[in-house]
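Colleague: Mind having a look at this structure? Questions to follow.
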Amino acid sequence: MKKVIITGGSRGIGRACVELFCENDCAVAFIYCSNDEAAKECADVTGAYAIKADLSDPEESEWAYNKAVEYLGGIDILVNNAGIIKRIPMHEMKASEFRQVIDVDLNAPFIVSKAVLPSMIKQRSGKIINICSMMSEFGRETVSAYASAKGGLKMLTRNIASEYGQYNIQCNGIGPGYIATPQTAPLRETQPDGSKHPFDVFITETKTPAGRWGDPEDLAGPAVFLASNASDFVNGQILYVDGGIQAYFGKQP
Ligand code: GCO
């Protein structure tokens with residue numbers, strides 16, 4: 001039975017991954033930061049083990065990893081999914097706000113990945129999957145911290161692949177397009193006049209060939225692929241699951 005740790009597993013993409021890894025007969029421990037109710041519901045429904053920790057705190061990240069490995073009896077697969085975003089114009093963003101996003105979205109994946117590597121090196125196998133973003137490739141207004149973190153996470157993915165491929169450890173990323181999750185809910189809010197949010201229209205009618213927001217479930221299958229032996233010769237890649245956004249120049253006026 002494969003042993004899996006997923007960060008940010010109580011909601012959104014992470015929750016879909018917890019469900020699908022459990023459905024694929026894996027032993028799963030997930031780390032969450034705040035929503036006790038969602039975490040308990042996820043653990044009750046899936047049988048996964050919930051661990052509460054602030055991943056922006058290096059000591060808490062280390063503690064949570066050790067608790068997960070103690071529960072699982074080892075580690076085969078790590079999914080670094082936990083992430084926060086602060087949509088603030090860069091010239092208005094405090095350095096402390098920028099740093100918090102970097103801590104959760106980039107430093108925590110480093111800390112937890114660093115923690116799993118010795119076990120994976122010893123067993124000469126392991127899978128690390130980092131949930132990157134469209135913002136690993138593109139910028140846009142108000143997401144300077146998030147784009148910096150996700151751009152860094154793309155290169156951390158490639159560097160882990162480069163440094164640890166020799167131990168049969170594969171590290172790849174998944175780059176979600178625009179997915180309907182709590183994190184993107186503000187971009188999809190119905191307007192006071194009942195119309196669609198302008199960003200919702202932008203994504204579904206201009207930028208995404210599929211013409212829709214993705215569902216978290218759209219990402220879980222690619223995660224299972226990157227966690228399986230079917231991807232043992234795939235290393236350092238970012239698999240974009242974006243409905244075609246990356247390929248598309250945008251709907252013509
Ligand atoms: C935003 C969105 C995106 C998505 C996702 C896209 O504000 O642009 O939150 O960042 O969450 O990361 O891949």
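Convention: chains lettered A, B, ... in structure tokens order; per-chain residue numbering from 1; ligands numbered from 1 as shown.
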May I ask you to write as a PyMOL selection string all residues lying at most 9 Å from ligand 1, with only C-alpha atoms and all ligand atoms counted?

Modeller: chain A and resi 84-87+131-136+139-143+146-147+150+175-181+183-187+240-242

Colleague: List every residue of region 3-252 of chain A that DSSP, applied to the backbone, labels as strand (DSSP E or B), and write the result as a PyMOL selection string.

Modeller: chain A and resi 3-7+27-32+49-52+77-80+126-131+169-176+179+214+238-241

Colleague: At a cut-off of 9 Å, using only C-alpha atoms, what residues contact region 64-74 of chain A? Leave out same-chain residues fewer than 2 positions from it and give the result as a CSV table (one decimal) with all heavy atoms, in the first residue's frame.

Modeller:
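Dumped to result.csv:
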```
chain,number,residue,atom,x,y,z
A,3,LYS,N,2.2,4.9,0.6
A,3,LYS,CA,2.0,5.9,1.7
A,3,LYS,C,2.1,7.3,1.2
A,3,LYS,O,3.1,7.7,0.6
A,3,LYS,CB,3.0,5.6,2.8
A,3,LYS,CG,3.0,4.2,3.3
A,3,LYS,CD,4.2,3.9,4.2
A,3,LYS,CE,4.1,2.5,4.8
A,3,LYS,NZ,4.5,1.5,3.7
A,4,VAL,N,1.1,8.1,1.4
A,4,VAL,CA,1.0,9.4,0.7
A,4,VAL,C,0.8,10.5,1.8
A,4,VAL,O,-0.1,10.4,2.7
A,4,VAL,CB,-0.2,9.4,-0.3
A,4,VAL,CG1,-0.2,10.7,-1.1
A,4,VAL,CG2,-0.2,8.2,-1.2
A,5,ILE,N,1.5,11.6,1.6
A,5,ILE,CA,1.3,12.8,2.4
A,5,ILE,C,0.8,13.9,1.4
A,5,ILE,O,1.4,14.1,0.4
A,5,ILE,CB,2.5,13.3,3.1
A,5,ILE,CG1,3.0,12.2,4.2
A,5,ILE,CG2,2.3,14.6,3.8
A,5,ILE,CD1,4.3,12.6,4.9
A,27,ALA,N,-2.5,4.7,1.6
A,27,ALA,CA,-2.6,5.2,3.0
A,27,ALA,C,-2.3,6.7,3.0
A,27,ALA,O,-1.2,7.0,2.5
A,27,ALA,CB,-1.7,4.4,3.9
A,28,VAL,N,-3.2,7.5,3.4
A,28,VAL,CA,-3.1,8.9,3.2
A,28,VAL,C,-3.1,9.7,4.5
A,28,VAL,O,-4.0,9.5,5.4
A,28,VAL,CB,-4.2,9.5,2.3
A,28,VAL,CG1,-4.1,11.0,2.1
A,28,VAL,CG2,-4.2,8.8,0.9
A,29,ALA,N,-2.1,10.6,4.7
A,29,ALA,CA,-2.2,11.6,5.8
A,29,ALA,C,-2.2,13.0,5.1
A,29,ALA,O,-1.4,13.2,4.2
A,29,ALA,CB,-1.0,11.4,6.7
A,30,PHE,N,-3.1,13.8,5.6
A,30,PHE,CA,-3.0,15.2,5.0
A,30,PHE,C,-2.9,16.2,6.0
A,30,PHE,O,-3.3,16.1,7.2
A,30,PHE,CB,-4.3,15.5,4.1
A,30,PHE,CG,-5.6,15.5,4.9
A,30,PHE,CD1,-6.1,16.8,5.4
A,30,PHE,CD2,-6.4,14.4,5.2
A,30,PHE,CE1,-7.3,16.9,6.1
A,30,PHE,CE2,-7.6,14.5,5.9
A,30,PHE,CZ,-8.0,15.7,6.3
A,31,ILE,N,-2.2,17.3,5.7
A,31,ILE,CA,-1.9,18.4,6.6
A,31,ILE,C,-2.8,19.6,6.2
A,31,ILE,O,-2.9,19.9,5.0
A,31,ILE,CB,-0.4,18.8,6.5
A,31,ILE,CG1,0.5,17.6,6.8
A,31,ILE,CG2,-0.1,20.0,7.4
A,31,ILE,CD1,2.0,17.8,6.5
A,49,TYR,N,-5.8,10.5,7.4
A,49,TYR,CA,-5.4,11.0,8.8
A,49,TYR,C,-5.2,12.5,8.6
A,49,TYR,O,-4.4,12.9,7.8
A,49,TYR,CB,-4.2,10.3,9.2
A,49,TYR,CG,-3.6,10.6,10.5
A,49,TYR,CD1,-4.4,10.5,11.7
A,49,TYR,CD2,-2.3,11.1,10.7
A,49,TYR,CE1,-3.9,10.9,12.9
A,49,TYR,CE2,-1.8,11.4,11.9
A,49,TYR,CZ,-2.6,11.3,13.0
A,49,TYR,OH,-2.0,11.7,14.2
A,50,ALA,N,-5.8,13.3,9.4
A,50,ALA,CA,-5.7,14.8,9.4
A,50,ALA,C,-4.7,15.3,10.4
A,50,ALA,O,-4.8,14.9,11.6
A,50,ALA,CB,-7.1,15.4,9.6
A,51,ILE,N,-3.8,16.2,10.0
A,51,ILE,CA,-2.8,16.8,10.9
A,51,ILE,C,-2.9,18.3,10.7
A,51,ILE,O,-2.8,18.8,9.6
A,51,ILE,CB,-1.4,16.3,10.5
A,51,ILE,CG1,-1.3,14.8,10.7
A,51,ILE,CG2,-0.4,17.0,11.4
A,51,ILE,CD1,0.0,14.2,10.0
A,52,LYS,N,-3.1,19.0,11.8
A,52,LYS,CA,-3.2,20.5,11.7
A,52,LYS,C,-1.9,21.1,12.0
A,52,LYS,O,-1.2,20.8,13.0
A,52,LYS,CB,-4.3,21.0,12.7
A,52,LYS,CG,-4.5,22.5,12.6
A,52,LYS,CD,-5.7,22.9,13.5
A,52,LYS,CE,-6.0,24.4,13.3
A,52,LYS,NZ,-7.2,24.8,14.1
A,53,ALA,N,-1.4,22.0,11.0
A,53,ALA,CA,-0.2,22.6,11.2
A,53,ALA,C,-0.1,23.9,10.4
A,53,ALA,O,-0.7,23.9,9.3
A,53,ALA,CB,1.0,21.7,10.8
A,54,ASP,N,0.7,24.9,10.8
A,54,ASP,CA,0.9,26.1,10.1
A,54,ASP,C,2.2,25.9,9.2
A,54,ASP,O,3.3,25.9,9.8
A,54,ASP,CB,1.1,27.3,11.0
A,54,ASP,CG,1.5,28.5,10.3
A,54,ASP,OD1,1.6,28.5,9.0
A,54,ASP,OD2,1.8,29.6,10.9
A,55,LEU,N,2.0,25.6,8.0
A,55,LEU,CA,3.1,25.2,7.1
A,55,LEU,C,4.0,26.4,6.8
A,55,LEU,O,5.1,26.3,6.3
A,55,LEU,CB,2.6,24.6,5.8
A,55,LEU,CG,2.0,23.2,5.9
A,55,LEU,CD1,1.4,22.8,4.6
A,55,LEU,CD2,3.0,22.2,6.4
A,59,GLU,N,9.2,24.9,11.9
A,59,GLU,CA,9.2,23.9,13.0
A,59,GLU,C,7.9,23.1,12.9
A,59,GLU,O,7.9,21.9,13.1
A,59,GLU,CB,9.4,24.6,14.3
A,59,GLU,CG,10.8,25.1,14.6
A,59,GLU,CD,11.0,25.7,15.9
A,59,GLU,OE1,10.0,25.7,16.7
A,59,GLU,OE2,12.1,26.3,16.2
A,60,GLU,N,6.8,23.8,12.7
A,60,GLU,CA,5.5,23.1,12.6
A,60,GLU,C,5.4,22.2,11.3
A,60,GLU,O,4.9,21.1,11.4
A,60,GLU,CB,4.3,24.1,12.5
A,60,GLU,CG,3.9,24.7,13.9
A,60,GLU,CD,2.5,25.2,13.8
A,60,GLU,OE1,1.6,24.5,13.2
A,60,GLU,OE2,2.3,26.3,14.4
A,61,SER,N,6.1,22.7,10.2
A,61,SER,CA,6.1,21.8,9.0
A,61,SER,C,6.8,20.5,9.3
A,61,SER,O,6.4,19.4,8.9
A,61,SER,CB,6.8,22.6,7.9
A,61,SER,OG,6.0,23.6,7.4
A,62,GLU,N,8.0,20.7,10.0
A,62,GLU,CA,8.8,19.5,10.3
A,62,GLU,C,8.0,18.6,11.2
A,62,GLU,O,8.0,17.4,11.0
A,62,GLU,CB,10.1,20.0,11.0
A,62,GLU,CG,11.1,18.9,11.2
A,62,GLU,CD,12.1,18.8,10.1
A,62,GLU,OE1,12.3,19.8,9.4
A,62,GLU,OE2,12.6,17.7,9.9
A,76,ASP,N,6.0,7.3,0.5
A,76,ASP,CA,6.2,7.0,-0.9
A,76,ASP,C,6.0,8.2,-1.8
A,76,ASP,O,6.6,8.4,-2.8
A,76,ASP,CB,5.4,5.8,-1.4
A,76,ASP,CG,5.7,4.5,-0.6
A,76,ASP,OD1,6.8,4.1,-0.6
A,76,ASP,OD2,4.7,4.0,0.1
A,112,VAL,N,9.1,20.5,3.5
A,112,VAL,CA,8.5,19.2,3.6
A,112,VAL,C,9.2,18.2,2.6
A,112,VAL,O,9.5,17.1,2.9
A,112,VAL,CB,7.0,19.2,3.3
A,112,VAL,CG1,6.4,17.8,3.5
A,112,VAL,CG2,6.3,20.2,4.3
A,115,ALA,N,12.4,17.1,4.0
A,115,ALA,CA,12.1,16.1,5.1
A,115,ALA,C,11.9,14.7,4.5
A,115,ALA,O,12.3,13.7,5.1
A,115,ALA,CB,10.9,16.5,5.9
A,116,VAL,N,11.2,14.6,3.3
A,116,VAL,CA,10.9,13.3,2.8
A,116,VAL,C,12.1,12.7,2.1
A,116,VAL,O,12.2,11.5,1.9
A,116,VAL,CB,9.7,13.3,1.8
A,116,VAL,CG1,8.5,13.9,2.5
A,116,VAL,CG2,10.0,14.0,0.5
A,119,SER,N,14.3,9.5,3.4
A,119,SER,CA,13.6,8.2,3.4
A,119,SER,C,13.5,7.7,1.9
A,119,SER,O,13.8,6.5,1.6
A,119,SER,CB,12.2,8.3,3.9
A,119,SER,OG,12.2,8.8,5.3
```

Colleague: Which residues, written as a list in words, have at least one atom at most 8 Å from Ala39 (chain A), with only C-alpha atoms counted and residues fewer than 6 positions away on the same chain left out?

Modeller: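 In the requested form, the answer reads Gly9, Ser10, Arg11, Tyr32 and Ala50 of chain A.
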
Colleague: May I have the residues within 7 Å of Gly244 (chain A) as a VMD selection string, using only C-alpha atoms and disregarding those fewer than 5 positions away in the same chain?

Modeller: chain A and resid 208 to 210
